[in-house]
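Enquirer: Input file: work00.pdb. Contents: PDB, C-alpha atoms.
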ATOM      1  CA  MET A   1      64.829  23.806 -29.053
ATOM      2  CA  GLN A   2      66.521  20.849 -30.658
ATOM      3  CA  ARG A   3      64.091  20.808 -33.589
ATOM      4  CA  ALA A   4      64.508  24.561 -34.079
ATOM      5  CA  ASN A   5      68.295  24.189 -33.816
ATOM      6  CA  ALA A   6      68.206  27.099 -31.361
ATOM      7  CA  GLY A   7      71.135  26.056 -29.175
ATOM      8  CA  ARG A   8      71.376  24.703 -25.650
ATOM      9  CA  VAL A   9      69.831  25.757 -22.375
ATOM     10  CA  THR A  10      71.155  25.176 -18.868
ATOM     11  CA  PHE A  11      68.787  25.692 -15.961
ATOM     12  CA  MET A  12      70.448  26.905 -12.762
ATOM     13  CA  PRO A  13      68.531  27.104  -9.459
ATOM     14  CA  LEU A  14      69.262  30.611  -8.177
ATOM     15  CA  ASN A  15      69.142  29.576  -4.527
ATOM     16  CA  ARG A  16      71.906  27.016  -5.064
ATOM     17  CA  LEU A  17      74.386  29.113  -7.049
ATOM     18  CA  ARG A  18      77.618  30.102  -5.333
ATOM     19  CA  PRO A  19      79.526  31.959  -8.048
ATOM     20  CA  GLY A  20      82.488  32.866  -5.853
ATOM     21  CA  ALA A  21      84.382  36.115  -5.475
ATOM     22  CA  ASP A  22      85.061  38.419  -8.386
ATOM     23  CA  PRO A  23      88.498  37.910  -9.902
ATOM     24  CA  ASP A  24      91.197  40.571  -9.836
ATOM     25  CA  TYR A  25      90.150  42.595 -12.884
ATOM     26  CA  PRO A  26      92.843  44.649 -14.644
ATOM     27  CA  GLN A  27      92.627  48.396 -13.949
ATOM     28  CA  THR A  28      92.882  49.846 -17.457
ATOM     29  CA  GLU A  29      90.846  51.647 -20.073
ATOM     30  CA  ASP A  30      91.510  48.818 -22.555
ATOM     31  CA  ALA A  31      89.263  46.349 -20.719
ATOM     32  CA  ILE A  32      86.073  46.364 -18.689
ATOM     33  CA  PRO A  33      84.386  43.508 -16.797
ATOM     34  CA  MET A  34      81.446  42.223 -18.811
ATOM     35  CA  LEU A  35      79.176  42.265 -15.741
ATOM     36  CA  GLN A  36      79.495  46.064 -15.630
ATOM     37  CA  ARG A  37      77.972  46.367 -19.115
ATOM     38  CA  LEU A  38      75.152  43.854 -18.782
ATOM     39  CA  LYS A  39      71.721  45.030 -17.676
ATOM     40  CA  PHE A  40      69.689  42.554 -15.650
ATOM     41  CA  ASP A  41      67.325  42.319 -12.708
ATOM     42  CA  GLU A  42      69.300  42.070  -9.449
ATOM     43  CA  GLN A  43      67.532  38.861  -8.459
ATOM     44  CA  TYR A  44      69.402  37.161 -11.320
ATOM     45  CA  ARG A  45      72.859  38.453 -10.289
ATOM     46  CA  PRO A  46      74.039  35.015  -9.054
ATOM     47  CA  ALA A  47      73.303  33.461 -12.464
ATOM     48  CA  PHE A  48      74.968  36.302 -14.359
ATOM     49  CA  LYS A  49      77.997  36.149 -12.068
ATOM     50  CA  GLN A  50      78.190  32.388 -12.563
ATOM     51  CA  VAL A  51      78.358  32.828 -16.329
ATOM     52  CA  PHE A  52      80.124  36.180 -16.845
ATOM     53  CA  ARG A  53      82.265  36.980 -13.778
ATOM     54  CA  LYS A  54      85.435  35.757 -15.501
ATOM     55  CA  SER A  55      84.744  37.650 -18.743
ATOM     56  CA  LEU A  56      86.178  40.953 -19.971
ATOM     57  CA  ILE A  57      85.313  43.178 -22.897
ATOM     58  CA  VAL A  58      88.603  44.288 -24.457
ATOM     59  CA  ARG A  59      89.729  46.728 -27.135
ATOM     60  CA  ASP A  60      91.447  44.167 -29.395
ATOM     61  CA  LEU A  61      92.852  40.640 -29.571
ATOM     62  CA  ALA A  62      96.316  41.666 -28.364
ATOM     63  CA  VAL A  63      94.893  43.181 -25.179
ATOM     64  CA  GLY A  64      92.596  40.185 -24.754
ATOM     65  CA  SER A  65      95.453  37.726 -25.141
ATOM     66  CA  ARG A  66      97.553  39.599 -22.582
ATOM     67  CA  PHE A  67      94.784  39.811 -19.944
ATOM     68  CA  SER A  68      93.608  36.271 -20.611
ATOM     69  CA  LYS A  69      97.049  34.961 -19.666
ATOM     70  CA  SER A  70      97.859  37.379 -16.852
ATOM     71  CA  HIS A  71      94.462  37.416 -15.083
ATOM     72  CA  ASP A  72      93.016  34.010 -16.089
ATOM     73  CA  LEU A  73      89.960  35.625 -17.746
ATOM     74  CA  ASP A  74      87.951  35.010 -20.909
ATOM     75  CA  CYS A  75      88.016  38.063 -23.182
ATOM     76  CA  VAL A  76      85.734  39.271 -25.961
ATOM     77  CA  THR A  77      86.671  42.096 -28.317
ATOM     78  CA  ILE A  78      84.238  44.748 -29.450
ATOM     79  CA  ASP A  79      84.246  43.000 -32.858
ATOM     80  CA  GLY A  80      83.188  39.716 -31.241
ATOM     81  CA  ASP A  81      86.501  37.840 -31.368
ATOM     82  CA  GLN A  82      87.121  35.722 -28.283
ATOM     83  CA  VAL A  83      90.217  34.808 -26.285
ATOM     84  CA  ASN A  84      89.633  31.875 -23.954
ATOM     85  CA  ARG A  85      91.592  31.757 -20.700
ATOM     86  CA  LYS A  86      92.747  28.280 -21.711
ATOM     87  CA  GLY A  87      94.405  29.791 -24.793
ATOM     88  CA  ALA A  88      91.893  29.311 -27.614
ATOM     89  CA  LEU A  89      91.280  32.220 -30.002
ATOM     90  CA  THR A  90      87.909  32.345 -31.747
ATOM     91  CA  GLY A  91      86.680  34.808 -34.316
ATOM     92  CA  GLY A  92      86.891  35.719 -37.934
ATOM     93  CA  TYR A  93      84.209  36.331 -40.522
ATOM     94  CA  LEU A  94      80.908  37.769 -39.371
ATOM     95  CA  ASP A  95      77.969  37.709 -41.733
ATOM     96  CA  ALA A  96      76.532  41.182 -41.161
ATOM     97  CA  ARG A  97      73.226  40.094 -42.685
ATOM     98  CA  ARG A  98      72.763  37.670 -39.796
ATOM     99  CA  SER A  99      74.140  39.838 -37.003
ATOM    100  CA  ARG A 100      71.568  40.627 -34.309
ATOM    101  CA  LEU A 101      73.535  43.621 -33.084
ATOM    102  CA  GLN A 102      73.633  45.022 -36.605
ATOM    103  CA  ALA A 103      69.902  44.395 -36.958
ATOM    104  CA  GLN A 104      69.225  46.251 -33.704
ATOM    105  CA  ALA A 105      71.417  49.145 -34.843
ATOM    106  CA  ASP A 106      69.565  49.200 -38.175
ATOM    107  CA  ILE A 107      66.196  49.221 -36.406
ATOM    108  CA  LYS A 108      67.256  52.130 -34.213
ATOM    109  CA  ARG A 109      68.681  54.076 -37.171
ATOM    110  CA  LEU A 110      65.612  53.442 -39.332
ATOM    111  CA  THR A 111      63.222  54.353 -36.494
ATOM    112  CA  THR A 112      65.022  57.663 -36.041
ATOM    113  CA  GLN A 113      64.983  58.230 -39.795
ATOM    114  CA  ARG A 114      61.253  57.412 -39.936
ATOM    115  CA  SER A 115      60.525  59.912 -37.159
ATOM    116  CA  ALA A 116      62.414  62.599 -39.060
ATOM    117  CA  TYR A 117      60.446  61.786 -42.226
ATOM    118  CA  GLU A 118      57.159  61.935 -40.304
ATOM    119  CA  VAL A 119      58.048  65.409 -39.034
ATOM    120  CA  GLN A 120      58.958  66.445 -42.583
ATOM    121  CA  VAL A 121      55.702  65.008 -43.970
ATOM    122  CA  GLY A 122      53.725  66.876 -41.297
ATOM    123  CA  ALA A 123      55.406  70.160 -42.235
ATOM    124  CA  GLU A 124      54.787  69.554 -45.933
ATOM    125  CA  GLN A 125      51.127  68.663 -45.295
ATOM    126  CA  LYS A 126      50.715  71.928 -43.394
ATOM    127  CA  GLN A 127      52.347  73.805 -46.272
ATOM    128  CA  LEU A 128      50.059  71.968 -48.723
ATOM    129  CA  GLN A 129      46.993  73.040 -46.710
ATOM    130  CA  GLU A 130      48.198  76.655 -46.801
ATOM    131  CA  VAL A 131      48.710  76.504 -50.574
ATOM    132  CA  ASP A 132      45.316  74.815 -50.970
ATOM    133  CA  GLY A 133      43.741  77.664 -48.980
ATOM    134  CA  GLN A 134      45.477  80.220 -51.201
ATOM    135  CA  VAL A 135      44.255  78.413 -54.345
ATOM    136  CA  THR A 136      40.699  78.372 -52.971
ATOM    137  CA  SER A 137      40.929  82.090 -52.192
ATOM    138  CA  LEU A 138      42.278  82.889 -55.659
ATOM    139  CA  LEU A 139      39.552  80.797 -57.320
ATOM    140  CA  GLY A 140      36.946  82.754 -55.344
ATOM    141  CA  LYS A 141      38.485  86.045 -56.513
ATOM    142  CA  LEU A 142      38.625  84.711 -60.077
ATOM    143  CA  LYS A 143      34.891  83.886 -59.969
ATOM    144  CA  GLN A 144      34.125  87.351 -58.593
ATOM    145  CA  THR A 145      36.236  88.973 -61.310
ATOM    146  CA  GLU A 146      34.621  86.806 -64.010
ATOM    147  CA  ALA A 147      31.150  87.730 -62.710
ATOM    148  CA  ALA A 148      32.106  91.421 -62.683
ATOM    149  CA  ARG A 149      33.450  91.136 -66.258
ATOM    150  CA  GLN A 150      30.226  89.461 -67.418
ATOM    151  CA  ARG A 151      28.157  92.207 -65.757
ATOM    152  CA  ALA A 152      30.317  94.864 -67.411
ATOM    153  CA  GLU A 153      29.929  93.218 -70.835
ATOM    154  CA  ALA A 154      26.172  92.960 -70.336
ATOM    155  CA  ALA A 155      26.001  96.633 -69.327
ATOM    156  CA  ALA A 156      28.138  97.652 -72.322
ATOM    157  CA  GLU A 157      25.842  95.820 -74.749
ATOM    158  CA  GLN A 158      22.772  97.658 -73.513
TER
END
As structure tokens, how would this structure be written, given the file I've shared?

Expert:
Amino acid sequence: MQRANAGRVTFMPLNRLRPGADPDYPQTEDAIPMLQRLKFDEQYRPAFKQVFRKSLIVRDLAVGSRFSKSHDLDCVTIDGDQVNRKGALTGGYLDARRSRLQAQADIKRLTTQRSAYEVQVGAEQKQLQEVDGQVTSLLGKLKQTEAARQRAEAAAEQ
């Protein structure tokens, strides 16, 4: 991990974790406990509680700052800005080209778009087959008409 510059890892034995009781979360629509939004296997709940039990997802920095002070919680805005319960504010520029969430949203959007195009291509291929059948039918009629014309010319010459 160090060579790949991929960050740090902390191993936590699940049977030794004692994350403690949940804090008094604010009852508002402007904030939601992060644990309520995370999806994980229940066997890992102690580890997730250890890391995220004192974290809120908040509407904006003002709300995050207020709850961080009043409830002693770390807050993260929807835009990714952070308010630490010790008072630090973190955030700012986000390079959208390097954002994993943006990449996931792009993948989902493009997959949906691709499915729609595949349906459209299927419909157009069916229409093309119908037109091809009509062209084949008309060519057959044209050959019959040409043969009839040639027979009529031959009969007229005799």

Enquirer: Applied to this file, what does the PyMOL selection byres ((chain A and resi 44-56) around 7) return in terms of residues, put as a list in words?

Expert: Leu14, Leu17, Pro19, Asp22, Pro23, Ala31, Ile32, Pro33, Met34, Leu35, Phe40, Asp41, Glu42, Gln43, Ile57, Val58, Leu73, Asp74, Cys75 and Val76 of chain A

Enquirer: Would you compute the distance between atom CA of Ser65 of chain A and atom CA of Leu89 of chain A? Give it in Å to one decimal.

Expert: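 If I compute the distance from atom CA of Ser65 of chain A to atom CA of Leu89 of chain A, I get 8.4 Å.
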
Enquirer: One decimal, in Å: what's the spacing between atom CA of Val131 of chain A and atom CA of Gln113 of chain A?

Expert: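 Taking atom CA of Val131 of chain A as the start and atom CA of Gln113 of chain A as the end point, the length is 26.7 Å.
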
Enquirer: For atom CA of Gly91 of chain A and atom CA of Asp79 of chain A, quote the distance in Å rounded to one decimal.

Expert: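 These atoms are spaced 8.7 Å apart.
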
Enquirer: Name the closest residue to Ser68 of chain A among the candidates A:Arg37, A:Arg85, A:Lys141, A:Arg100; distances are taken between atoms, counting all atoms listed in the file.

Expert: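 Selected residue with least distance to Ser68 of chain A: A:Arg85.
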
Enquirer: For segment 137-157 of chain A of the block above, can you save C-alpha atoms as a PDB file, in the first residue's frame?

Expert:
ATOM      1  CA  SER A 137     -40.673  -8.495 -52.699  1.00  0.00           C
ATOM      2  CA  LEU A 138     -40.569  -5.510 -55.055  1.00  0.00           C
ATOM      3  CA  LEU A 139     -37.501  -6.897 -56.851  1.00  0.00           C
ATOM      4  CA  GLY A 140     -39.371 -10.179 -57.358  1.00  0.00           C
ATOM      5  CA  LYS A 141     -42.351  -8.293 -58.817  1.00  0.00           C
ATOM      6  CA  LEU A 142     -39.988  -6.251 -60.996  1.00  0.00           C
ATOM      7  CA  LYS A 143     -38.440  -9.451 -62.407  1.00  0.00           C
ATOM      8  CA  GLN A 144     -41.904 -10.877 -63.080  1.00  0.00           C
ATOM      9  CA  THR A 145     -42.971  -7.659 -64.804  1.00  0.00           C
ATOM     10  CA  GLU A 146     -39.739  -7.550 -66.839  1.00  0.00           C
ATOM     11  CA  ALA A 147     -40.246 -11.189 -67.885  1.00  0.00           C
ATOM     12  CA  ALA A 148     -43.857 -10.440 -68.856  1.00  0.00           C
ATOM     13  CA  ARG A 149     -42.721  -7.388 -70.871  1.00  0.00           C
ATOM     14  CA  GLN A 150     -40.090  -9.468 -72.684  1.00  0.00           C
ATOM     15  CA  ARG A 151     -42.699 -12.138 -73.486  1.00  0.00           C
ATOM     16  CA  ALA A 152     -45.076  -9.461 -74.769  1.00  0.00           C
ATOM     17  CA  GLU A 153     -42.355  -7.935 -76.973  1.00  0.00           C
ATOM     18  CA  ALA A 154     -41.451 -11.371 -78.316  1.00  0.00           C
ATOM     19  CA  ALA A 155     -45.118 -12.100 -79.065  1.00  0.00           C
ATOM     20  CA  ALA A 156     -45.545  -8.704 -80.757  1.00  0.00           C
ATOM     21  CA  GLU A 157     -42.559  -9.321 -83.042  1.00  0.00           C
TER      22      GLU A 157
END
